[in-house]
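Listing of my_file38.cif, mmCIF, C-alpha atoms and all ligand atoms
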data_upload
loop_
_atom_site.group_PDB
_atom_site.id
_atom_site.type_symbol
_atom_site.label_atom_id
_atom_site.label_comp_id
_atom_site.auth_asym_id
_atom_site.auth_seq_id
_atom_site.Cartn_x
_atom_site.Cartn_y
_atom_site.Cartn_z
ATOM 1 C CA MET A 265 33.442 -185.415 -38.806
ATOM 2 C CA ALA A 266 32.350 -188.943 -38.147
ATOM 3 C CA LYS A 267 31.947 -191.305 -41.046
ATOM 4 C CA SER A 268 28.332 -191.242 -42.095
ATOM 5 C CA SER A 269 26.275 -194.178 -43.261
ATOM 6 C CA ILE A 270 23.706 -191.895 -44.883
ATOM 7 C CA PRO A 271 23.444 -192.625 -48.636
ATOM 8 C CA GLY A 272 24.761 -189.712 -50.678
ATOM 9 C CA CYS A 273 26.998 -188.373 -47.887
ATOM 10 C CA SER A 274 30.805 -188.599 -47.813
ATOM 11 C CA PRO A 275 33.209 -188.308 -44.869
ATOM 12 C CA LEU A 276 35.451 -185.222 -44.914
ATOM 13 C CA THR A 277 38.552 -184.666 -42.779
ATOM 14 C CA VAL A 278 39.855 -181.100 -42.541
ATOM 15 C CA LYS A 279 42.162 -179.083 -40.263
ATOM 16 C CA ILE A 280 40.591 -175.998 -38.670
ATOM 17 C CA SER A 281 41.962 -173.457 -36.182
ATOM 18 C CA SER A 282 41.310 -173.963 -32.484
ATOM 19 C CA MET A 283 39.316 -170.720 -32.512
ATOM 20 C CA LEU A 284 37.011 -172.057 -35.234
ATOM 21 C CA GLU A 285 36.722 -175.379 -33.448
ATOM 22 C CA ALA A 286 35.662 -173.625 -30.231
ATOM 23 C CA ALA A 287 33.098 -171.576 -32.155
ATOM 24 C CA LEU A 288 31.797 -174.736 -33.851
ATOM 25 C CA GLN A 289 31.407 -176.500 -30.514
ATOM 26 C CA GLU A 290 29.628 -173.491 -29.061
ATOM 27 C CA ARG A 291 27.227 -173.368 -32.033
ATOM 28 C CA CYS A 292 26.456 -177.071 -31.587
ATOM 29 C CA ARG A 293 25.911 -176.592 -27.856
ATOM 30 C CA VAL A 294 23.533 -173.646 -28.335
ATOM 31 C CA THR A 295 21.520 -175.039 -31.252
ATOM 32 C CA GLY A 296 21.628 -178.751 -30.493
ATOM 33 C CA SER A 297 22.946 -179.360 -34.022
ATOM 34 C CA THR A 298 25.656 -181.847 -34.911
ATOM 35 C CA PRO A 299 29.051 -180.635 -36.251
ATOM 36 C CA ASP A 300 28.153 -182.311 -39.578
ATOM 37 C CA HIS A 301 25.001 -180.237 -39.810
ATOM 38 C CA VAL A 302 26.679 -176.914 -38.971
ATOM 39 C CA VAL A 303 29.589 -177.476 -41.379
ATOM 40 C CA GLN A 304 27.226 -178.621 -44.129
ATOM 41 C CA GLU A 305 25.054 -175.510 -43.695
ATOM 42 C CA ALA A 306 28.092 -173.214 -43.748
ATOM 43 C CA LEU A 307 29.501 -174.867 -46.877
ATOM 44 C CA SER A 308 26.087 -174.798 -48.563
ATOM 45 C CA ARG A 309 25.873 -171.022 -48.038
ATOM 46 C CA LEU A 310 29.462 -170.399 -49.164
ATOM 47 C CA LEU A 311 29.122 -172.596 -52.248
ATOM 48 C CA GLU A 312 25.579 -171.432 -52.975
ATOM 49 C CA VAL A 313 24.103 -174.915 -52.843
ATOM 50 C CA GLU A 314 20.432 -174.617 -52.040
ATOM 51 C CA HIS A 315 20.298 -177.018 -49.091
ATOM 52 C CA HIS A 316 17.023 -176.820 -47.136
ATOM 53 C CA THR A 317 15.346 -175.091 -50.087
ATOM 54 C CA LEU A 318 12.371 -176.424 -52.008
ATOM 55 C CA PHE A 319 12.095 -175.354 -55.627
ATOM 56 C CA GLN A 320 8.521 -175.430 -56.825
ATOM 57 C CA VAL A 321 6.863 -174.963 -60.194
ATOM 58 C CA SER A 322 3.351 -173.411 -60.201
ATOM 59 C CA THR A 323 0.888 -173.964 -57.354
ATOM 60 C CA ALA A 324 -1.456 -176.651 -56.053
ATOM 61 C CA THR A 325 -4.463 -174.392 -56.622
ATOM 62 C CA ALA A 326 -3.519 -173.960 -60.282
ATOM 63 C CA LEU A 327 -3.362 -177.742 -60.654
ATOM 64 C CA VAL A 328 -6.780 -178.110 -58.995
ATOM 65 C CA GLN A 329 -8.153 -175.573 -61.501
ATOM 66 C CA GLY A 330 -6.866 -177.599 -64.455
ATOM 67 C CA VAL A 331 -3.757 -175.605 -65.373
ATOM 68 C CA TYR A 332 -1.859 -178.561 -66.833
ATOM 69 C CA GLN A 333 0.264 -176.872 -69.485
ATOM 70 C CA GLY A 334 3.939 -177.732 -68.962
ATOM 71 C CA CYS A 335 5.945 -174.593 -68.241
ATOM 72 C CA VAL A 336 9.363 -175.725 -66.979
ATOM 73 C CA THR A 337 11.585 -178.337 -68.630
ATOM 74 C CA VAL A 338 13.008 -181.376 -66.891
ATOM 75 C CA GLY A 339 16.460 -180.031 -67.766
ATOM 76 C CA MET A 340 15.714 -176.859 -65.790
ATOM 77 C CA ILE A 341 14.248 -178.808 -62.870
ATOM 78 C CA LYS A 342 17.481 -180.811 -62.609
ATOM 79 C CA ARG A 343 19.349 -177.570 -61.939
ATOM 80 C CA HIS A 344 17.317 -177.111 -58.761
ATOM 81 C CA GLY A 345 17.863 -180.416 -57.042
ATOM 82 C CA ASP A 346 18.313 -184.152 -57.278
ATOM 83 C CA PHE A 347 15.077 -185.229 -55.603
ATOM 84 C CA GLY A 348 11.398 -184.463 -56.090
ATOM 85 C CA LEU A 349 8.035 -185.153 -57.661
ATOM 86 C CA GLY A 350 5.463 -183.645 -59.966
ATOM 87 C CA THR A 351 3.506 -184.328 -63.108
ATOM 88 C CA TYR A 352 3.954 -183.751 -66.831
ATOM 89 C CA ASP A 353 2.364 -181.626 -69.519
ATOM 90 C CA ALA A 354 -1.391 -182.340 -69.813
ATOM 91 C CA LEU A 355 -1.315 -184.255 -66.464
ATOM 92 C CA ASP A 356 0.322 -187.111 -68.375
ATOM 93 C CA GLY A 357 1.403 -189.402 -65.532
ATOM 94 C CA GLU A 358 3.495 -188.911 -62.425
ATOM 95 C CA GLY A 359 6.978 -187.447 -62.076
ATOM 96 C CA LEU A 360 9.708 -188.843 -59.833
ATOM 97 C CA MET A 361 13.213 -187.516 -59.287
ATOM 98 C CA LEU A 362 15.688 -189.610 -57.345
ATOM 99 C CA ASP A 363 19.475 -189.266 -57.089
ATOM 100 C CA GLY A 364 19.456 -186.791 -59.974
ATOM 101 C CA HIS A 365 17.505 -188.969 -62.401
ATOM 102 C CA VAL A 366 13.995 -187.960 -63.471
ATOM 103 C CA TRP A 367 11.439 -190.662 -64.212
ATOM 104 C CA HIS A 368 8.062 -190.601 -65.927
ATOM 105 C CA ALA A 369 5.419 -193.031 -64.617
ATOM 106 C CA LYS A 370 2.751 -193.556 -67.258
ATOM 107 C CA ALA A 371 -0.892 -194.517 -66.951
ATOM 108 C CA ASP A 372 -0.222 -197.896 -68.627
ATOM 109 C CA GLY A 373 1.904 -198.810 -65.589
ATOM 110 C CA SER A 374 5.308 -198.365 -67.251
ATOM 111 C CA VAL A 375 8.140 -196.087 -66.101
ATOM 112 C CA VAL A 376 10.709 -194.464 -68.404
ATOM 113 C CA GLU A 377 13.494 -191.950 -67.790
ATOM 114 C CA ALA A 378 12.225 -188.500 -68.771
ATOM 115 C CA SER A 379 14.062 -186.510 -71.422
ATOM 116 C CA ASP A 380 15.368 -183.051 -70.540
ATOM 117 C CA SER A 381 12.916 -181.481 -73.013
ATOM 118 C CA GLU A 382 9.763 -182.787 -71.335
ATOM 119 C CA THR A 383 7.834 -180.135 -69.455
ATOM 120 C CA ALA A 384 6.035 -180.044 -66.114
ATOM 121 C CA PRO A 385 3.045 -177.932 -65.054
ATOM 122 C CA PHE A 386 3.718 -178.691 -61.358
ATOM 123 C CA TRP A 387 6.859 -179.895 -59.611
ATOM 124 C CA VAL A 388 8.612 -179.749 -56.254
ATOM 125 C CA SER A 389 12.298 -180.540 -55.925
ATOM 126 C CA ALA A 390 15.180 -180.264 -53.471
ATOM 127 C CA GLU A 391 18.861 -181.000 -53.068
ATOM 128 C CA PHE A 392 18.302 -183.882 -50.690
ATOM 129 C CA LYS A 393 20.536 -184.191 -47.632
ATOM 130 C CA ALA A 394 19.125 -185.959 -44.605
ATOM 131 C CA ASP A 395 18.930 -184.071 -41.320
ATOM 132 C CA ARG A 396 17.838 -187.154 -39.443
ATOM 133 C CA THR A 397 17.337 -190.838 -40.097
ATOM 134 C CA ALA A 398 15.379 -193.682 -38.565
ATOM 135 C CA VAL A 399 14.190 -197.209 -39.204
ATOM 136 C CA LEU A 400 10.458 -197.899 -39.030
ATOM 137 C CA SER A 401 10.233 -201.500 -37.832
ATOM 138 C CA SER A 402 6.572 -201.849 -38.801
ATOM 139 C CA VAL A 403 4.141 -199.738 -40.840
ATOM 140 C CA THR A 404 0.582 -201.041 -40.826
ATOM 141 C CA ASP A 405 -1.107 -198.512 -43.118
ATOM 142 C CA TRP A 406 -0.921 -194.966 -44.476
ATOM 143 C CA ASN A 407 -2.141 -193.321 -41.266
ATOM 144 C CA ASP A 408 0.389 -195.290 -39.227
ATOM 145 C CA LEU A 409 3.151 -194.150 -41.599
ATOM 146 C CA CYS A 410 2.053 -190.511 -41.243
ATOM 147 C CA ALA A 411 1.991 -190.763 -37.437
ATOM 148 C CA GLN A 412 5.510 -192.216 -37.356
ATOM 149 C CA LEU A 413 6.857 -189.624 -39.788
ATOM 150 C CA ASP A 414 5.288 -186.870 -37.658
ATOM 151 C CA GLY A 415 7.727 -187.783 -34.910
ATOM 152 C CA LEU A 416 10.689 -187.244 -37.234
ATOM 153 C CA ARG A 417 9.772 -183.729 -38.349
ATOM 154 C CA ARG A 418 10.987 -180.660 -36.511
ATOM 155 C CA SER A 419 7.830 -178.585 -36.621
ATOM 156 C CA PRO A 420 4.290 -178.476 -38.082
ATOM 157 C CA ASN A 421 5.300 -175.125 -39.563
ATOM 158 C CA LEU A 422 8.292 -176.216 -41.653
ATOM 159 C CA PHE A 423 8.313 -178.140 -44.925
ATOM 160 C CA ALA A 424 10.150 -181.453 -45.048
ATOM 161 C CA ALA A 425 11.523 -183.710 -47.766
ATOM 162 C CA ILE A 426 11.154 -187.410 -46.996
ATOM 163 C CA ARG A 427 12.752 -190.539 -48.398
ATOM 164 C CA LEU A 428 11.929 -194.133 -47.400
ATOM 165 C CA ASP A 429 13.840 -197.128 -48.712
ATOM 166 C CA GLY A 430 13.055 -200.774 -48.208
ATOM 167 C CA ARG A 431 10.759 -203.642 -49.058
ATOM 168 C CA PHE A 432 7.057 -202.907 -49.000
ATOM 169 C CA ASP A 433 4.763 -205.809 -48.137
ATOM 170 C CA ARG A 434 1.934 -204.117 -49.991
ATOM 171 C CA ILE A 435 1.674 -200.792 -51.748
ATOM 172 C CA THR A 436 -1.120 -199.195 -53.744
ATOM 173 C CA TYR A 437 -0.605 -196.213 -56.020
ATOM 174 C CA ARG A 438 -2.177 -194.311 -58.856
ATOM 175 C CA VAL A 439 -0.953 -192.726 -62.052
ATOM 176 C CA ALA A 440 -2.788 -189.674 -63.384
ATOM 177 C CA CYS A 441 -4.161 -189.949 -66.915
ATOM 178 C CA LYS A 442 -3.804 -187.284 -69.579
ATOM 179 C CA ALA A 443 -6.510 -184.629 -69.242
ATOM 180 C CA ALA A 444 -7.741 -181.744 -71.348
ATOM 181 C CA ALA A 445 -6.770 -178.277 -70.147
ATOM 182 C CA GLY A 446 -9.414 -176.853 -67.814
ATOM 183 C CA THR A 447 -10.616 -180.259 -66.588
ATOM 184 C CA SER A 448 -10.552 -179.965 -62.803
ATOM 185 C CA LEU A 449 -8.070 -182.156 -60.937
ATOM 186 C CA VAL A 450 -10.909 -183.927 -59.105
ATOM 187 C CA GLU A 451 -12.561 -184.820 -62.424
ATOM 188 C CA ALA A 452 -9.243 -185.748 -64.059
ATOM 189 C CA THR A 453 -8.195 -188.078 -61.236
ATOM 190 C CA SER A 454 -11.641 -189.686 -60.940
ATOM 191 C CA HIS A 455 -10.602 -192.057 -63.735
ATOM 192 C CA GLN A 456 -6.950 -192.471 -62.765
ATOM 193 C CA ALA A 457 -5.109 -195.779 -63.246
ATOM 194 C CA GLU A 458 -4.615 -197.615 -59.936
ATOM 195 C CA PHE A 459 -2.132 -200.363 -59.174
ATOM 196 C CA GLY A 460 -1.166 -202.632 -56.284
ATOM 197 C CA LEU A 461 2.127 -204.453 -55.686
ATOM 198 C CA ASP A 462 3.194 -207.030 -53.103
ATOM 199 C CA GLU A 463 6.712 -207.629 -51.783
ATOM 200 C CA ILE A 464 8.277 -204.839 -53.785
ATOM 201 C CA ASP A 465 11.692 -203.227 -53.162
ATOM 202 C CA GLY A 466 11.766 -199.519 -53.761
ATOM 203 C CA THR A 467 11.802 -195.943 -52.582
ATOM 204 C CA LEU A 468 9.072 -193.572 -51.476
ATOM 205 C CA LEU A 469 10.032 -189.965 -52.059
ATOM 206 C CA GLY A 470 8.194 -186.763 -51.433
ATOM 207 C CA PHE A 471 7.322 -183.964 -49.106
ATOM 208 C CA TRP A 472 5.365 -182.842 -46.101
ATOM 209 C CA SER A 473 3.780 -179.405 -46.398
ATOM 210 C CA PRO A 474 2.178 -177.341 -43.609
ATOM 211 C CA ALA A 475 -1.564 -176.668 -43.730
ATOM 212 C CA TYR A 476 -0.930 -172.946 -44.198
ATOM 213 C CA ALA A 477 0.777 -173.707 -47.533
ATOM 214 C CA ARG A 478 -2.346 -175.302 -49.011
ATOM 215 C CA ASN A 479 -2.543 -172.876 -51.906
ATOM 216 C CA PHE A 480 0.985 -173.763 -52.972
ATOM 217 C CA ASN A 481 1.422 -177.409 -52.200
ATOM 218 C CA VAL A 482 -0.492 -180.522 -51.163
ATOM 219 C CA PRO A 483 -0.932 -180.226 -47.355
ATOM 220 C CA GLY A 484 0.393 -183.141 -45.325
ATOM 221 C CA TYR A 485 2.374 -186.024 -46.789
ATOM 222 C CA HIS A 486 2.689 -186.423 -50.559
ATOM 223 C CA LEU A 487 4.774 -189.440 -51.563
ATOM 224 C CA HIS A 488 5.550 -191.128 -54.864
ATOM 225 C CA LEU A 489 6.827 -194.683 -55.307
ATOM 226 C CA LEU A 490 9.765 -195.673 -57.499
ATOM 227 C CA SER A 491 10.533 -199.395 -57.514
ATOM 228 C CA LYS A 492 14.165 -200.464 -57.121
ATOM 229 C CA ASP A 493 14.170 -201.889 -60.658
ATOM 230 C CA ARG A 494 12.834 -198.513 -61.907
ATOM 231 C CA ARG A 495 9.959 -200.241 -63.711
ATOM 232 C CA ARG A 496 7.041 -199.214 -61.479
ATOM 233 C CA GLY A 497 6.022 -195.948 -59.917
ATOM 234 C CA GLY A 498 3.256 -193.531 -59.055
ATOM 235 C CA HIS A 499 1.446 -191.490 -56.421
ATOM 236 C CA VAL A 500 1.154 -193.539 -53.221
ATOM 237 C CA LEU A 501 -2.339 -194.311 -51.872
ATOM 238 C CA GLY A 502 -1.660 -197.057 -49.336
ATOM 239 C CA ILE A 503 1.283 -198.861 -47.787
ATOM 240 C CA ARG A 504 2.249 -201.709 -45.484
ATOM 241 C CA GLY A 505 5.855 -202.606 -44.716
ATOM 242 C CA ARG A 506 8.620 -203.455 -42.274
ATOM 243 C CA ASN A 507 12.126 -202.232 -41.527
ATOM 244 C CA LEU A 508 11.854 -199.148 -43.723
ATOM 245 C CA SER A 509 14.820 -196.738 -43.668
ATOM 246 C CA VAL A 510 13.656 -193.139 -43.434
ATOM 247 C CA GLN A 511 15.579 -189.954 -44.150
ATOM 248 C CA VAL A 512 14.061 -186.560 -43.375
ATOM 249 C CA MET A 513 15.342 -183.188 -44.541
ATOM 250 C CA ASP A 514 13.971 -179.988 -43.012
ATOM 251 C CA ALA A 515 13.128 -177.280 -45.532
ATOM 252 C CA ASN A 516 12.789 -173.665 -44.499
ATOM 253 C CA ASN A 517 13.163 -171.906 -47.852
ATOM 254 C CA LEU A 518 10.601 -172.070 -50.641
ATOM 255 C CA ALA A 519 11.399 -170.852 -54.156
ATOM 256 C CA VAL A 520 8.374 -170.767 -56.463
ATOM 257 C CA ALA A 521 8.530 -170.369 -60.245
ATOM 258 C CA LEU A 522 5.137 -169.195 -61.523
ATOM 259 C CA PRO A 523 4.067 -169.768 -65.142
ATOM 260 C CA GLN A 524 4.156 -166.556 -67.122
ATOM 261 C CA SER A 525 1.845 -167.540 -69.948
ATOM 262 C CA GLY A 526 -1.156 -169.655 -70.831
ATOM 263 C CA ALA A 527 -4.057 -170.596 -68.597
ATOM 264 C CA PHE A 528 -2.221 -169.748 -65.365
ATOM 265 C CA LEU A 529 -2.593 -166.018 -65.979
ATOM 266 C CA LYS A 530 -6.383 -166.291 -66.343
ATOM 267 C CA ALA A 531 -7.205 -168.993 -63.777
ATOM 268 C CA ASP A 532 -9.188 -168.119 -60.643
ATOM 269 C CA LEU A 533 -6.675 -168.997 -57.931
ATOM 270 C CA SER A 534 -8.528 -167.262 -55.107
ATOM 271 C CA GLN A 535 -10.316 -170.390 -53.910
ATOM 272 C CA ASP A 536 -9.319 -172.684 -51.052
ATOM 273 C CA PRO A 537 -8.213 -175.952 -52.742
ATOM 274 C CA THR A 538 -8.171 -178.062 -49.555
ATOM 275 C CA ALA A 539 -11.244 -180.209 -50.256
ATOM 276 C CA ALA A 540 -10.355 -180.764 -53.894
ATOM 277 C CA LEU A 541 -6.734 -181.636 -53.040
ATOM 278 C CA SER A 542 -7.862 -184.071 -50.388
ATOM 279 C CA LYS A 543 -10.131 -185.817 -52.889
ATOM 280 C CA ALA A 544 -7.697 -185.805 -55.804
ATOM 281 C CA GLU A 545 -4.384 -186.349 -54.017
ATOM 282 C CA GLY A 546 -5.389 -187.881 -50.702
ATOM 283 C CA ALA A 547 -3.836 -191.140 -49.664
ATOM 284 C CA GLY A 548 -5.047 -193.434 -46.924
ATOM 285 C CA ALA A 549 -8.434 -194.186 -48.426
ATOM 286 C CA LYS A 550 -6.925 -197.229 -50.112
ATOM 287 C CA SER A 551 -4.964 -198.453 -47.135
ATOM 288 C CA THR A 552 -4.002 -202.075 -47.349
HETATM 289 ZN ZN ZN B 601 1.467 -187.092 -56.468
#

Mind turning the file's structure into C-alpha cells?
Ligand SMILES: [Zn+2]
Amino acid sequence: MAKSSIPGCSPLTVKISSMLEAALQERCRVTGSTPDHVVQEALSRLLEVEHHTLFQVSTATALVQGVYQGCVTVGMIKRHGDFGLGTYDALDGEGLMLDGHVWHAKADGSVVEASDSETAPFWVSAEFKADRTAVLSSVTDWNDLCAQLDGLRRSPNLFAAIRLDGRFDRITYRVACKAAAGTSLVEATSHQAEFGLDEIDGTLLGFWSPAYARNFNVPGYHLHLLSKDRRRGGHVLGIRGRNLSVQVMDANNLAVALPQSGAFLKADLSQDPTAALSKAEGAGAKST
C-alpha cells in the first residue's frame, strides 16, 4: 500500500499470494475502491474494529424534549471510538472527542479534559478513518462550507463523519448552559453562551446525518470546534477560512444505546423534532 499522508494512518507492507492479489485488484476494479480501503475494511471486520460505524447515545428527539440526564460515562464512550461530539449531564456545555481525548467546553468559555466518570445524555462517536480527503481553498460562510462538503460525501442517504483542520479567519460558536430537566432544548439554548474568534488554529469535528434520521440525530451538518491549544471549543454557528484540510469518513452502520431509566422512559418521543432542532442546533444564522 502506498504511504499515506492522512493523519492517524500508517503504511503497512505485507506479502500476499498472487491469488489474493488478483482478487484484491478485481474488488477494486468492480467497486472503485482503493486497495487501502479494501484491506482496511477486511482487517476491521476480522479484528472487530467498528470502522464505518457510528455509536450514539440516546436520540435527538429526547434531547429536544429535555431529557438531559447523563446515562453513559465518558469512559464507556471511549470504548466506541476516538472521535465525536455530544453534551454532558444537565446540558452542561459541549462535548468534543478528538484523537481519543474527550474535552468538555463550558459555558464560561473554558475547555477542560473530561474525566472518565462524567456522563453524557447525548453523544455520537466513531473510530475515525478518512475515506477521502480534500483541501478547501476558501470558505466564505457556513452555507458555502456545507455546499463544499456535500461534494465530498458519497450519498444523501449515508451518515458521514467529518474533520476539518486549519486556521479559521473567523469562527462563531455557542456553548450550551446547564438546564433543568424537562426544559425544552429550544428554551435551554435561547440563553446559550456565544463566542467569536479570529485567526484561530483548530479542528472542526462532527457529523452529517440524513434527513430521514431526524429523530435520532441532528439532520445535516453538526460540527464542534476544538482550538489547537485545546483552550476553546463549542458548537459551530458560523465560519470563514482558507486552505482547510478536510477528511470525510462514510458511515453505514448506526449503533444506538438508549437510556434505560429516568425521564427517557416517560418522554413523548413521537413528535417530529425538525423545527426545534433547526432552531436550537442550527448553524448558518450567525455566518460571519
Ligand atoms: Zn452541537

Here's the selection I'm unsure about, the PyMOL selection byres (((not hetatm)) within 8 of (chain B and resi 601)); applied to the file above, which residues does it give, as a PyMOL selection string?
chain A and resi 349-351+358-359+486-488+498-500+545

Let's have the selection written as a CSV table (one decimal), in the frame of the given file, with C-alpha atoms.
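Once everything was written out, this is result_31.csv:
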chain,number,residue,atom,x,y,z
A,349,LEU,CA,8.0,-185.2,-57.7
A,350,GLY,CA,5.5,-183.6,-60.0
A,351,THR,CA,3.5,-184.3,-63.1
A,358,GLU,CA,3.5,-188.9,-62.4
A,359,GLY,CA,7.0,-187.4,-62.1
A,486,HIS,CA,2.7,-186.4,-50.6
A,487,LEU,CA,4.8,-189.4,-51.6
A,488,HIS,CA,5.6,-191.1,-54.9
A,498,GLY,CA,3.3,-193.5,-59.1
A,499,HIS,CA,1.4,-191.5,-56.4
A,500,VAL,CA,1.2,-193.5,-53.2
A,545,GLU,CA,-4.4,-186.3,-54.0

Skipping near chain neighbours, those fewer than 3 positions away, what residues fall within 7 Å of range 396-403 of chain A using all atoms listed in the file, listed as a short mmCIF file (atom, residue, chain, number, x, y, z; two decimals) with C-alpha atoms, in the frame of the given file?
data_model
loop_
_atom_site.label_atom_id
_atom_site.label_comp_id
_atom_site.auth_asym_id
_atom_site.auth_seq_id
_atom_site.Cartn_x
_atom_site.Cartn_y
_atom_site.Cartn_z
CA ASP A 408 0.39 -195.29 -39.23
CA LEU A 409 3.15 -194.15 -41.60
CA ARG A 504 2.25 -201.71 -45.48
CA GLY A 505 5.86 -202.61 -44.72
CA ARG A 506 8.62 -203.46 -42.27
CA ASN A 507 12.13 -202.23 -41.53
CA LEU A 508 11.85 -199.15 -43.72
CA SER A 509 14.82 -196.74 -43.67
CA VAL A 510 13.66 -193.14 -43.43
CA GLN A 511 15.58 -189.95 -44.15
CA VAL A 512 14.06 -186.56 -43.38
CA MET A 513 15.34 -183.19 -44.54
#

Nearby residues (only C-alpha atoms) at most 9 Å from Leu288 in chain A, same-chain spacing under 3 positions excluded, as JSON, numbers by chain
{"A": [283, 284, 285, 291, 292, 293, 299, 302, 303]}

Could you check which residues have any atom within 12 Å of (16.0, -201.9, -62.6), counting all atoms listed in the file with coordinates taken straight from the file, and then list them as a VMD selection string?
chain A and resid 375 to 377 465 to 466 490 to 497

Could those selected residues go to a file with C-alpha atoms, as a short mmCIF file (atom, residue, chain, number, x, y, z; two decimals), in the frame of the given file?
data_model
loop_
_atom_site.label_atom_id
_atom_site.label_comp_id
_atom_site.auth_asym_id
_atom_site.auth_seq_id
_atom_site.Cartn_x
_atom_site.Cartn_y
_atom_site.Cartn_z
CA VAL A 375 8.14 -196.09 -66.10
CA VAL A 376 10.71 -194.46 -68.40
CA GLU A 377 13.49 -191.95 -67.79
CA ASP A 465 11.69 -203.23 -53.16
CA GLY A 466 11.77 -199.52 -53.76
CA LEU A 490 9.76 -195.67 -57.50
CA SER A 491 10.53 -199.40 -57.51
CA LYS A 492 14.16 -200.46 -57.12
CA ASP A 493 14.17 -201.89 -60.66
CA ARG A 494 12.83 -198.51 -61.91
CA ARG A 495 9.96 -200.24 -63.71
CA ARG A 496 7.04 -199.21 -61.48
CA GLY A 497 6.02 -195.95 -59.92
#

Using only C-alpha atoms, which of the listed residues (A:Ala371, A:Ala444, A:Leu307, A:Ala378) sits closest to Gln456 in chain A?
A:Ala371

Exactly which residues make up the result of the PyMOL selection byres (((chain A and resi 305) around 12) and not hetatm) on this file, given as a ChimeraX atom specification?
/A:288,297-304,306-317,393,395,514

Could you save the residues just selected, with C-alpha atoms, as a compact mmCIF listing (two decimals), in the coordinates of the input?
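Saved to selection.txt:
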# COMPACT_ATOMS: atom_id res chain seq x y z
CA LEU A 288 31.80 -174.74 -33.85
CA SER A 297 22.95 -179.36 -34.02
CA THR A 298 25.66 -181.85 -34.91
CA PRO A 299 29.05 -180.64 -36.25
CA ASP A 300 28.15 -182.31 -39.58
CA HIS A 301 25.00 -180.24 -39.81
CA VAL A 302 26.68 -176.91 -38.97
CA VAL A 303 29.59 -177.48 -41.38
CA GLN A 304 27.23 -178.62 -44.13
CA ALA A 306 28.09 -173.21 -43.75
CA LEU A 307 29.50 -174.87 -46.88
CA SER A 308 26.09 -174.80 -48.56
CA ARG A 309 25.87 -171.02 -48.04
CA LEU A 310 29.46 -170.40 -49.16
CA LEU A 311 29.12 -172.60 -52.25
CA GLU A 312 25.58 -171.43 -52.98
CA VAL A 313 24.10 -174.92 -52.84
CA GLU A 314 20.43 -174.62 -52.04
CA HIS A 315 20.30 -177.02 -49.09
CA HIS A 316 17.02 -176.82 -47.14
CA THR A 317 15.35 -175.09 -50.09
CA LYS A 393 20.54 -184.19 -47.63
CA ASP A 395 18.93 -184.07 -41.32
CA ASP A 514 13.97 -179.99 -43.01

For this file, the PyMOL selection byres (((chain A and resi 484) around 6) and not hetatm) selects which residues, as a list in words?
Trp472, Ser473, Pro483 and Tyr485 of chain A

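Residues lying within 7 Å of (14.8, -178.8, -57.4). Counted over all atoms listed in the file, they are Leu318, Phe319, Ile341, Lys342, Arg343, His344, Gly345, Asp346, Phe347, Gly348, Val388, Ser389, Ala390 and Glu391 of chain A.
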
Just the selected residues (C-alpha atoms), exported as a PDB file, keeping the file's coordinate frame, please.
ATOM      1  CA  LEU A 318      12.371-176.424 -52.008  1.00  0.00           C
ATOM      2  CA  PHE A 319      12.095-175.354 -55.627  1.00  0.00           C
ATOM      3  CA  ILE A 341      14.248-178.808 -62.870  1.00  0.00           C
ATOM      4  CA  LYS A 342      17.481-180.811 -62.609  1.00  0.00           C
ATOM      5  CA  ARG A 343      19.349-177.570 -61.939  1.00  0.00           C
ATOM      6  CA  HIS A 344      17.317-177.111 -58.761  1.00  0.00           C
ATOM      7  CA  GLY A 345      17.863-180.416 -57.042  1.00  0.00           C
ATOM      8  CA  ASP A 346      18.313-184.152 -57.278  1.00  0.00           C
ATOM      9  CA  PHE A 347      15.077-185.229 -55.603  1.00  0.00           C
ATOM     10  CA  GLY A 348      11.398-184.463 -56.090  1.00  0.00           C
ATOM     11  CA  VAL A 388       8.612-179.749 -56.254  1.00  0.00           C
ATOM     12  CA  SER A 389      12.298-180.540 -55.925  1.00  0.00           C
ATOM     13  CA  ALA A 390      15.180-180.264 -53.471  1.00  0.00           C
ATOM     14  CA  GLU A 391      18.861-181.000 -53.068  1.00  0.00           C
TER      15      GLU A 391
END

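Between CA of Ala326 in chain A and CA of Ala477 in chain A the separation is 13.5 Å.
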